[in-house]
Structures are given as structure tokens and as C-alpha cells.
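*Asks:* Can you keep this structure in mind? I'll have questions shortly.
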Amino acid sequence: MNKNKMTGVMTPILTPFNDDLSFNPDLYVVQAHWLLEQGIHYISPFGTTGEALSMTVEERLNAVDTLIDGGIDPAVLMPGAGLCNLADTVTLCRHAVDRGCAAVMTLPPFFYKNASDDGLYAYFARLIETVNHPDLKICMYHIPPMAGIGFTPHLAGRLSADFSDIVVAYKDSSGDFENTKAVIAAAPHVAVFPGSETFLKHGVEHGGMGCISATCNVNPAKIRQVYDLAVGDLAGDLEQSNDEMITFRKNIEGYAPIPAMKGLLAEKRGDQRWRHVRPPLLPVNEASTKELIGLLGASLTEL
């Protein structure tokens, strides 16, 4: 693996809410510390899993400050920063850079579904020019099932070639491993992360740098184990561990994943505030949570 690139396992951390659906800073900091203790390399506040687009810009800035002020090293943080309007994206990026974060994970401006590669390139060129900071690092967030548009391999290659010190990573949540391989080929200097641990092993075999996965919130140690086995940092049965990890994820995917994972934290930690999600998401009920716990069985380690 190229040690000059970002590497490892990254968690798009769940966002906890109070009963009135306001942000809960205390639970957030506890979860972040626990993830790092379990071996996670990076934390990404406000990805899809963190209900980013249900949060205001001010809430997102405050949450990043909360983590850093709560003892989380900003060098392990990659906040989500992509919004449709450039000004708010600039605000989020500047704040992350000013606080010393490792990078920002940026969606394309997703409202106009027919946006061309040239249009998206113009947006990111303007973003980089406006932020105007030598420490800015961008991870392209490719999630067409949600955004409707994304970063094609050609666009990823073009951005990384023209802004090689800034556009440094790519999260592929397309679910299409052929796209992952195409981006690795088109943008060889970019750290490419599959957006699911399902592709962690294959990704490493083809030049990927790890994974950025929602289920790291509830299965971090196993995912880190598979990563270590895949890159050769740990001896053991990679195939068995990989199969166990994928089975765990498939069980989570049988439910609405964000409410389901929050339900697991609520049940296992005895704090029902973890069950809260913001509309349009709906919380999972306790019966479904107990059913999922039964399915996961011994694979569900202590949360």
C-alpha cells in the first residue's frame, strides 16, 4: 500500500439526538472515543450515516468543535462538507481546515441531476480557489444512489491531476466495484475507499486503501481485523473473518440501517436517546432491535 495516501478504516459516525431532536454532544464524544479505542483510523462526522443533510451548517460546525474540544485529535477527522450551494460548502471546508482536520468529504452539488463533468469540475475548482488554503484536502464522495449524480472516473482523474495536493481521496458508495477499479486506474494518486466493508478485501487487492463504512459504528473491531489481515499486518484466517464481517453487514442491511444501528446502541448501552433520528427517518422499535440482536448473536461484541 502507498503509505503517502490516507489508509485504513473510517467510520461515518452516527449523530445522537436528545428527546427534542437537538444534537447531543455528550453521547457523540463518547462514541467517537469508543470507535478509536476499537481501532478505527479515522472518523467522518456528517456522512450519510450521520444524517448530515438533516443538520444545519451551524450544528455541523458545532459538532466538529465538540469532538475536538472533547479530546478527539482533529488529525483523525474528515467532516462531511458537500452542499448544493458553494458558500455553505466553503464555510464547512474552511472550518475543518482551520481546526486541523485531516480532510473533508465532499458531495457533488446534487440538485441538478443533469450536471456534466465540466459543470462539476467548475464547482470544485471554484471551491478550491475560494477556500484558498494550502492544507485543504478533499475526499470526493461518490454516492449516486442517494445524490443522483457523482464523480465519474474521468472527473476524479481530472480533479486529482489538476489539484494533486488537494483532491486526495475518493469514497465509492455506488455499490459497483467496477467503478471502484476504474477510479483506481484513472486517479492513481488518489486514496480510493469502498463505501462498504463488503468490498474491503477486494479493494485492497486492487489498490484500494481500506473502507469507509456505516457499520463501523457497531462492528469496528471486526472490520479493523479484516483490514489488518488484508494488508498483511496481522496473521490469521482472512477468508473466515471476511465472511463473518460480511454476514454481520447483511444482517444490518435487512433493516433500515441508520435507525437499526442507533437501536443497537440504545439497547446495548441502556440509553434510549440513541434511538432518535430526525425525520424523514423513523426510529426502529424495541422489538425490531431485539430481533436484530438475536440475528447478530455472538458476532455482536460489547457496545
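By convention in this document, the chains of the C-alpha cells carry letters A, B, ... by their order, each chain's residues are numbered from 1, and ligands are numbered from 1 in the order they are shown.
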Env of segment 240-257 of chain A: 8 Å cut, atoms = only C-alpha atoms, seq-sep filter 2 positions within chain, self excluded. Answer as a VMD selection string.

*Replies:* chain A and resid 197 to 198 201 215 222 to 223 225 to 226 237 to 238 259 to 261 284 292 295 to 296 299

*Asks:* Could you build a table of the residues in segment 99-120 of chain A lying no more than 12 Å from segment 5-16 of chain A, giving for each the nearest pair of atoms and their separation in Å rounded to one decimal place, using only C-alpha atoms, ordered by chain and ascending residue number, as CSV?

*Replies:*
residue,atom,partner,partner_atom,distance
A:Ala102,CA,A:Met6,CA,9.0
A:Ala103,CA,A:Met6,CA,9.6
A:Val104,CA,A:Pro12,CA,12.0
A:Met105,CA,A:Pro12,CA,10.1

*Asks:* Tell me, which residues of segment 122-175 of chain A carry DSSP helix (DSSP H, G or I), written as a PyMOL selection string?

*Replies:* chain A and resi 122-131+144-147+153-162

*Asks:* Give me, as a VMD selection string, all polymer residues having an atom no more than 12 Å from Asp88 of chain A, counting only C-alpha atoms and skipping those fewer than 2 positions away in the same chain.

*Replies:* chain A and resid 56 to 58 60 to 61 80 to 86 90 to 95 106 109 127 130 to 131

*Asks:* Give the answer as one residue: which of A:His133, A:Lys268, A:Arg158, A:Lys181 has the shortest atom-to-atom distance to Ile293 of chain A, using only C-alpha atoms?

*Replies:* A:Lys268

*Asks:* Run DSSP on the backbone and give me the residues of segment 174-213 of chain A it puts in strand (DSSP E or B), as a list in words.

*Replies:*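 Selecting the strand (DSSP E or B) positions of segment 174-213 of chain A gives Ala191, Val192, Phe193, Pro194, Gly210, Cys211 and Ile212 of chain A.
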
*Asks:* Can you write just those residues out, C-alpha atoms, as a PDB file, in the first residue's frame?

*Replies:*
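out_4.pdb, written as the output of this step:
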ATOM      1  CA  ALA A 191      -6.717   7.050  -1.991  1.00  0.00           C
ATOM      2  CA  VAL A 192      -9.830   5.114  -3.019  1.00  0.00           C
ATOM      3  CA  PHE A 193     -12.095   3.733  -0.291  1.00  0.00           C
ATOM      4  CA  PRO A 194     -15.051   1.432  -0.998  1.00  0.00           C
ATOM      5  CA  GLY A 210      -9.378   0.482   3.185  1.00  0.00           C
ATOM      6  CA  CYS A 211     -13.049   1.322   3.586  1.00  0.00           C
ATOM      7  CA  ILE A 212     -15.413   3.995   4.870  1.00  0.00           C
TER       8      ILE A 212
END

*Asks:* Between atom CA of Ile138 of chain A and atom CA of Cys101 of chain A, measure the distance and give it in Å to one decimal.

*Replies:*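 Separating atom CA of Ile138 of chain A from atom CA of Cys101 of chain A is a distance of 10.9 Å.
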
*Asks:* In Å to one decimal, how far is atom CA of Val190 of chain A from atom CA of Arg99 of chain A?

*Replies:*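 Spanning atom CA of Arg99 of chain A to atom CA of Val190 of chain A is a straight-line distance of 23.2 Å.
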
*Asks:* Given only C-alpha atoms as the basis, pick out the residue of A:Asp162, A:Asp20, A:Glu129, A:Asp172 nearest to Tyr141 of chain A.

*Replies:*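 So, comparing all the options, the nearest one is A:Asp172.
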
*Asks:* Using only C-alpha atoms, can you tell me which of A:Ala266, A:Leu107, A:Leu53, A:Leu281 comes closest to Val218 of chain A?

*Replies:* A:Ala266

*Asks:* Quick one: residues within 9 Å of His189 of chain A, only C-alpha atoms, excluding same-chain residues fewer than 5 positions away - as an mmCIF file with C-alpha atoms, in the first residue's frame?

*Replies:*
data_model
loop_
_atom_site.group_PDB
_atom_site.id
_atom_site.type_symbol
_atom_site.label_atom_id
_atom_site.label_comp_id
_atom_site.auth_asym_id
_atom_site.auth_seq_id
_atom_site.Cartn_x
_atom_site.Cartn_y
_atom_site.Cartn_z
ATOM 1 C CA LYS A 5 -2.068 8.153 0.985
ATOM 2 C CA GLY A 157 -8.792 11.699 -12.621
ATOM 3 C CA SER A 160 -6.725 14.804 -8.964
ATOM 4 C CA ALA A 161 -4.395 15.704 -11.836
ATOM 5 C CA SER A 164 -2.987 16.850 -6.887
ATOM 6 C CA VAL A 168 -6.558 13.213 -2.453
ATOM 7 C CA ALA A 169 -9.268 10.630 -1.736
ATOM 8 C CA ILE A 184 -8.167 3.486 -9.021
#

*Asks:* If we count only C-alpha atoms and set the cut-off at 12 Å, which residues sit around Ala115 of chain A, ignoring sequence neighbours fewer than 3 positions away in its own chain? Please answer as a VMD selection string.

*Replies:* chain A and resid 84 108 to 112 118 to 123 147 to 152

*Asks:* Deliver the residues from the most recent selection as a file, using C-alpha atoms, as a PDB file, in the first residue's frame.

*Replies:*
ATOM      1  CA  CYS A  84     -25.549  22.329  -3.177  1.00  0.00           C
ATOM      2  CA  PRO A 108     -21.109  16.926  -5.559  1.00  0.00           C
ATOM      3  CA  PRO A 109     -23.763  19.677  -5.775  1.00  0.00           C
ATOM      4  CA  PHE A 110     -26.554  17.188  -6.278  1.00  0.00           C
ATOM      5  CA  PHE A 111     -29.786  19.046  -7.030  1.00  0.00           C
ATOM      6  CA  TYR A 112     -29.252  19.433 -10.781  1.00  0.00           C
ATOM      7  CA  ASP A 118     -17.409  20.044 -16.782  1.00  0.00           C
ATOM      8  CA  GLY A 119     -20.009  21.653 -14.516  1.00  0.00           C
ATOM      9  CA  LEU A 120     -18.916  19.631 -11.506  1.00  0.00           C
ATOM     10  CA  TYR A 121     -15.282  20.387 -12.271  1.00  0.00           C
ATOM     11  CA  ALA A 122     -16.102  24.112 -12.329  1.00  0.00           C
ATOM     12  CA  TYR A 123     -17.809  23.836  -8.930  1.00  0.00           C
ATOM     13  CA  ALA A 147     -27.223  12.005  -4.726  1.00  0.00           C
ATOM     14  CA  GLY A 148     -28.356  11.066  -8.219  1.00  0.00           C
ATOM     15  CA  ILE A 149     -25.034  12.233  -9.654  1.00  0.00           C
ATOM     16  CA  GLY A 150     -21.419  11.561  -8.785  1.00  0.00           C
ATOM     17  CA  PHE A 151     -17.745  11.661  -9.607  1.00  0.00           C
ATOM     18  CA  THR A 152     -17.062   9.647 -12.741  1.00  0.00           C
TER      19      THR A 152
END

*Asks:* Using Å and a single decimal, report how far atom CA of Ile258 of chain A sits from atom CA of Glu286 of chain A.

*Replies:*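 For atom CA of Glu286 of chain A relative to atom CA of Ile258 of chain A, the distance reads 14.4 Å.
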
*Asks:* Please build the interface table for segment 144-231 of chain A against segment 23-43 of chain A with a cut-off of 8 Å, listing for each qualifying residue the nearest atom pair and the distance in Å to one decimal; count only C-alpha atoms, order rows by chain and increasing number, and write it as a Markdown table.

*Replies:*
| residue | atom | partner | partner_atom | distance |
| --- | --- | --- | --- | --- |
| A:Cys216 | CA | A:Ile40 | CA | 8.0 |
| A:Asn217 | CA | A:Leu35 | CA | 7.1 |
| A:Pro220 | CA | A:Gln38 | CA | 6.0 |
| A:Ala221 | CA | A:Gln38 | CA | 5.2 |
| A:Arg224 | CA | A:Gly39 | CA | 6.2 |
